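Undergrad: I'd like to ask you about the structure that follows.
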Protein chains: 2
Amino acid sequence: MLESWADGPTKSALVEFTERAAAAVAPEERVAVFDNDGTLWCEKPAYIQLDFLVRRLAEQAAADPSLASNQPYTAAAAGDLAWFGDAVTKHYNGDDSALKLLAGGVLSANATITTDEHAARVNAFFAEAKHPTLGRAYTACGYAPMVELLRYLESFGFTNYIVSGGGRDFMRPITTTMYGIPPERVIGSSVGLIFQNGELLTTAQPEFLNDGPIKPVRIWGRVGRRPLLAAGNSNGDIEMLQYATAGPGPSLALLVHHDDAEREFAYTAGAERALDLAETHGWAQASMRDEWRAVFSD
Amino acid sequence: MLESWADGPTKSALVEFTERAAAAVAPEERVAVFDNDGTLWCEKPAYIQLDFLVRRLAEQAAADPSLASNQPYTAAAAGDLAWFGDAVTKHYNGDDSALKLLAGGVLSANATITTDEHAARVNAFFAEAKHPTLGRAYTACGYAPMVELLRYLESFGFTNYIVSGGGRDFMRPITTTMYGIPPERVIGSSVGLIFQNGELLTTAQPEFLNDGPIKPVRIWGRVGRRPLLAAGNSNGDIEMLQYATAGPGPSLALLVHHDDAEREFAYTAGAERALDLAETHGWAQASMRDEWRAVFSD
């Protein structure tokens with residue numbers, strides 16, 4: 001097990017923590033939580049869910065030409081992904097105009113359908129969509145060493161959860177196959193649902209944005225236990241890592257470093273504070289380049 | 001198994017459904033959901049959680065005499081439980097003044113403490129509180145036939161959840177012992193939490209009121225599957241029962257009738273619409289008086 005992990009301090013820390021926790025903590029308390037984007041699968045050059053959303057916006061623009069002259073539909077119809085990145089950059093520079101258009105489009109893109117219909121759209125996307133630069137299906141963009149870690153923890157009685165800023169119902173259709181994590185253990189962002197005639201319908205109202213300090217709140221809400229291990233890769237994971245490591249018993253925080261431009265991507269943007277805190281608190285840090293013998297499984 | 005159930009149509013329906021579902025449905029889809037108050041344990045003469053709250057309000061009034069001249073603290077300090085019932089009655093008669101005072105007190109009663117401290121308060125309550133008329137500890141107020149049903153379903157590969165209007169974190173400390181249902185499978189009402197210095201703190205802000213049409217929404221949010229069996233006893237369970245029975249495969253809705261004044265309580269208030277719908281749709285109906293050989297386990 002953990003065969004894609006090179007021998008070194010991070011692999012040793014994972015093994016040592018797991019054995020110690022299994023010896024000291026009751027099985028039902030052995031809970032581990034994993035961010036998804038950038039921790040279990042790729043998040044560059046753009047979130048995989050953004051591809052799903054842009055395709056849907058383009059479909060909406062094609063079906064209703066009156067939409068096509070407005071953003072974000074114009075950009076989606078033209079395949080202008082830079083517009084979406086710019087919307088976020090402008091937001092960080094104090095200009096929310098584009099982000100507001102984007103958010104409205106994103107929230108309504110899959111509104112007023114049943115949860116079954118939503119799952120069917122997600123499945124149709126994953127059946128055909130491919131990563132734009134890695135030349136592999138999105139469903140093959142999971143990190144082999146992290147999937148091995150999930151299995152390794154399970155072999156010591158751990159229960160794993162995904163705790164992601166990504167959409168709960170975007171992830172659920174593929175997490176069992178990709179990660180062995182079933183729908184009831186996927187915690188993510190969501191829109192409100194309404195109950196009508198025996199069915200649940202999606203709305204365009206935001207419910208949870210599962211990021212930052214909301215992650216520990218929702219871990220408690222869903223699990224009712226403090227996790228022993230938390231793994232992430234960005235600033236949005238900091239509080240979840242702090243929550244896991246503030247417990248009284250064995251605990252481990254793991255931060256994945258994207259430092260492998262050759263096999264995946266190299267970037268620290270969005271992870272600056274997390275990287276600083278990892279140094280300060282001695283969190284385990286996985287260098288993709290140096291410590292992952294393989295990134296993907298083939 | 002099901003030894004406290006008398007032979008009859010309801011027991012037969014439970015057995016027939018369970019065998020059919022186990023034969024037709026994959027194990028991971030075998031999900032059953034149970035209301036708590038009035039379905040798994042007593043809810044008369046008042047919700048058990050109300051006793052927990054009134055004791056806490058009285059404690060707050062004792063600690064801060066300036067509170068004691070205001071409601072709901074005056075009533076709590078005087079042990080005037082009728083005031084709390086009247087607040088609800090007035091609400092149904094269009095006068096929300098008392099209910100608003102009550103709600104404010106309820107929400108702030110256990111605010112600004114950690115989730116661990118909250119669990120300690122709940123455990124202290126259950127360690128000493130007794131049912132006012134049945135002469136047994138609240139933790140012995142679970143219905144034996146329903147606990148047998150939980151075990152019976154599990155023996156056929158079902159996973160059981162509690163889906164209650166009661167407080168999520170009020171139930172969690174005792175559901176494993178009373179029902180064999182762990183914290184991660186307890187869905188209930190909640191206040192918002194905030195993350196601070198590695199801990200989660202309660203607030204006085206309502207988060208979910210888990211009742212009526214919100215129950216199916218939250219079942220999906222937490223489980224990501226439509227349940228096959230739903231059990232309830234009141235109007236607040238209707239949508240959950242409709243959700244379970246609107247699926248394409250085997251399903252069962254079970255309504256518990258409180259018709260046993262001798263061993264428990266006899267009432268239909270708050271269940272009128274549910275009882276009508278049970279007739280219309282042929283939901284299974286458990287008469288406590290006629291079909292439960294025992295109500296409690298001794």
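Note on naming: chains are A, B, ... as they come in the structure tokens, residues start from 1 per chain, ligands start from 1 in the order shown.
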How close does chain B get to chain A? List, as a Markdown table, each residue of chain B within 7 Å, its nearest atom pair and the distance in Å to one decimal, counting only C-alpha atoms.
TA:
| residue | atom | partner | partner_atom | distance |
| --- | --- | --- | --- | --- |
| B:Pro183 | CA | A:Gly224 | CA | 5.3 |
| B:Glu184 | CA | A:Val223 | CA | 4.2 |
| B:Leu193 | CA | A:Val217 | CA | 6.0 |
| B:Ile194 | CA | A:Val217 | CA | 6.6 |
| B:Phe195 | CA | A:Pro213 | CA | 5.9 |
| B:Gly198 | CA | A:Tyr243 | CA | 4.8 |
| B:Glu199 | CA | A:Tyr243 | CA | 6.7 |
| B:Leu200 | CA | A:Val217 | CA | 6.8 |
| B:Pro213 | CA | A:Phe195 | CA | 5.9 |
| B:Pro216 | CA | A:Phe195 | CA | 6.9 |
| B:Val217 | CA | A:Leu193 | CA | 6.0 |
| B:Arg222 | CA | A:Glu184 | CA | 5.8 |
| B:Val223 | CA | A:Glu184 | CA | 4.2 |
| B:Gly224 | CA | A:Pro183 | CA | 5.3 |
| B:Gln242 | CA | A:Gly198 | CA | 5.7 |
| B:Tyr243 | CA | A:Gly198 | CA | 4.8 |
| B:Ala246 | CA | A:Gly198 | CA | 5.3 |
Undergrad: Output N, CA, C and O atoms for every residue in the selection just made, as a short mmCIF file (atom, residue, chain, number, x, y, z; two decimals), in the first residue's frame.
TA:
data_model
loop_
_atom_site.label_atom_id
_atom_site.label_comp_id
_atom_site.auth_asym_id
_atom_site.auth_seq_id
_atom_site.Cartn_x
_atom_site.Cartn_y
_atom_site.Cartn_z
N PRO B 183 -23.92 9.36 15.36
CA PRO B 183 -24.10 10.80 15.11
C PRO B 183 -24.19 11.17 13.64
O PRO B 183 -24.95 12.07 13.28
N GLU B 184 -23.41 10.50 12.79
CA GLU B 184 -23.39 10.87 11.37
C GLU B 184 -24.69 10.49 10.67
O GLU B 184 -24.90 10.87 9.52
N LEU B 193 -23.29 27.36 13.68
CA LEU B 193 -22.06 27.23 14.46
C LEU B 193 -21.02 28.17 13.85
O LEU B 193 -21.08 28.47 12.67
N ILE B 194 -20.09 28.63 14.68
CA ILE B 194 -18.96 29.37 14.13
C ILE B 194 -17.66 28.72 14.58
O ILE B 194 -17.58 28.15 15.66
N PHE B 195 -16.66 28.81 13.69
CA PHE B 195 -15.37 28.20 13.96
C PHE B 195 -14.43 29.25 14.55
O PHE B 195 -14.27 30.33 13.99
N GLY B 198 -9.92 26.70 16.61
CA GLY B 198 -9.94 25.23 16.58
C GLY B 198 -11.21 24.60 17.10
O GLY B 198 -11.35 23.39 17.06
N GLU B 199 -12.16 25.43 17.61
CA GLU B 199 -13.38 24.89 18.19
C GLU B 199 -14.60 25.40 17.42
O GLU B 199 -14.56 26.47 16.83
N LEU B 200 -15.68 24.64 17.53
CA LEU B 200 -16.96 25.09 16.98
C LEU B 200 -17.84 25.58 18.12
O LEU B 200 -18.04 24.86 19.11
N PRO B 213 -41.68 19.77 4.60
CA PRO B 213 -40.99 19.62 3.31
C PRO B 213 -39.47 19.74 3.41
O PRO B 213 -38.76 19.38 2.47
N PRO B 216 -37.42 15.91 3.43
CA PRO B 216 -36.83 15.28 2.23
C PRO B 216 -35.63 16.06 1.68
O PRO B 216 -34.66 15.45 1.20
N VAL B 217 -35.68 17.40 1.76
CA VAL B 217 -34.54 18.20 1.27
C VAL B 217 -33.28 17.82 2.03
O VAL B 217 -32.21 17.60 1.44
N ARG B 222 -27.99 15.14 3.06
CA ARG B 222 -27.13 14.33 3.90
C ARG B 222 -26.82 12.96 3.31
O ARG B 222 -25.71 12.44 3.48
N VAL B 223 -27.80 12.34 2.68
CA VAL B 223 -27.64 10.95 2.26
C VAL B 223 -27.38 10.85 0.76
O VAL B 223 -26.62 9.98 0.32
N GLY B 224 -28.01 11.70 -0.02
CA GLY B 224 -27.85 11.61 -1.46
C GLY B 224 -28.57 10.43 -2.07
O GLY B 224 -28.23 9.98 -3.17
N GLN B 242 -44.05 10.79 1.76
CA GLN B 242 -44.33 10.91 0.32
C GLN B 242 -43.06 10.72 -0.50
O GLN B 242 -43.09 10.09 -1.57
N TYR B 243 -41.97 11.28 -0.02
CA TYR B 243 -40.70 11.17 -0.75
C TYR B 243 -40.29 9.70 -0.88
O TYR B 243 -39.93 9.23 -1.96
N ALA B 246 -42.55 7.73 -3.33
CA ALA B 246 -42.63 8.17 -4.73
C ALA B 246 -41.53 7.55 -5.59
O ALA B 246 -41.46 7.80 -6.79
#
Undergrad: I'd like the contact shell of Leu149 (chain B) - 12 Å cut-off, only C-alpha atoms, skipping same-chain residues fewer than 2 positions apart - returned as a PyMOL selection string.
TA: chain B and resi 1-5+10-11+14-15+18+32-34+39-40+143-147+151-156+158-160+179-180+229-231+254+292
Undergrad: DSSP says strand (DSSP E) for which residues of region 59-260 of chain A? Put them as a PyMOL selection string?
TA: chain A and resi 159-167+186-196+199-208+229-232+252-259
Undergrad: Interatomic distance between CA of Ala124 (chain B) and CA of Ala24 (chain A)?
TA: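 About the pair CA of Ala124 (chain B) and CA of Ala24 (chain A): they are 26.0 Å apart.
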Undergrad: So which residues touch Ala13 (chain A) within 12 Å, counting only C-alpha atoms, skipping near sequence neighbours fewer than 5 positions away, as an NGL selection string?
TA: :A and (5 or 7-8 or 18-21 or 229 or 250-254 or 282-286)
Undergrad: I want to know what sits within 10 Å of Ala58 (chain B), based on only C-alpha atoms, with residues of the same chain fewer than 3 positions away left out; could you give that as a list in words?
TA: Leu53, Val54, Arg55, Ala61, Ala62, Ala63, Asp64, Leu67, Ala68, Pro72, Tyr73, Thr74, Ala75, Ala76, Ala77, Ala78, Gly79 and Ala109 of chain B
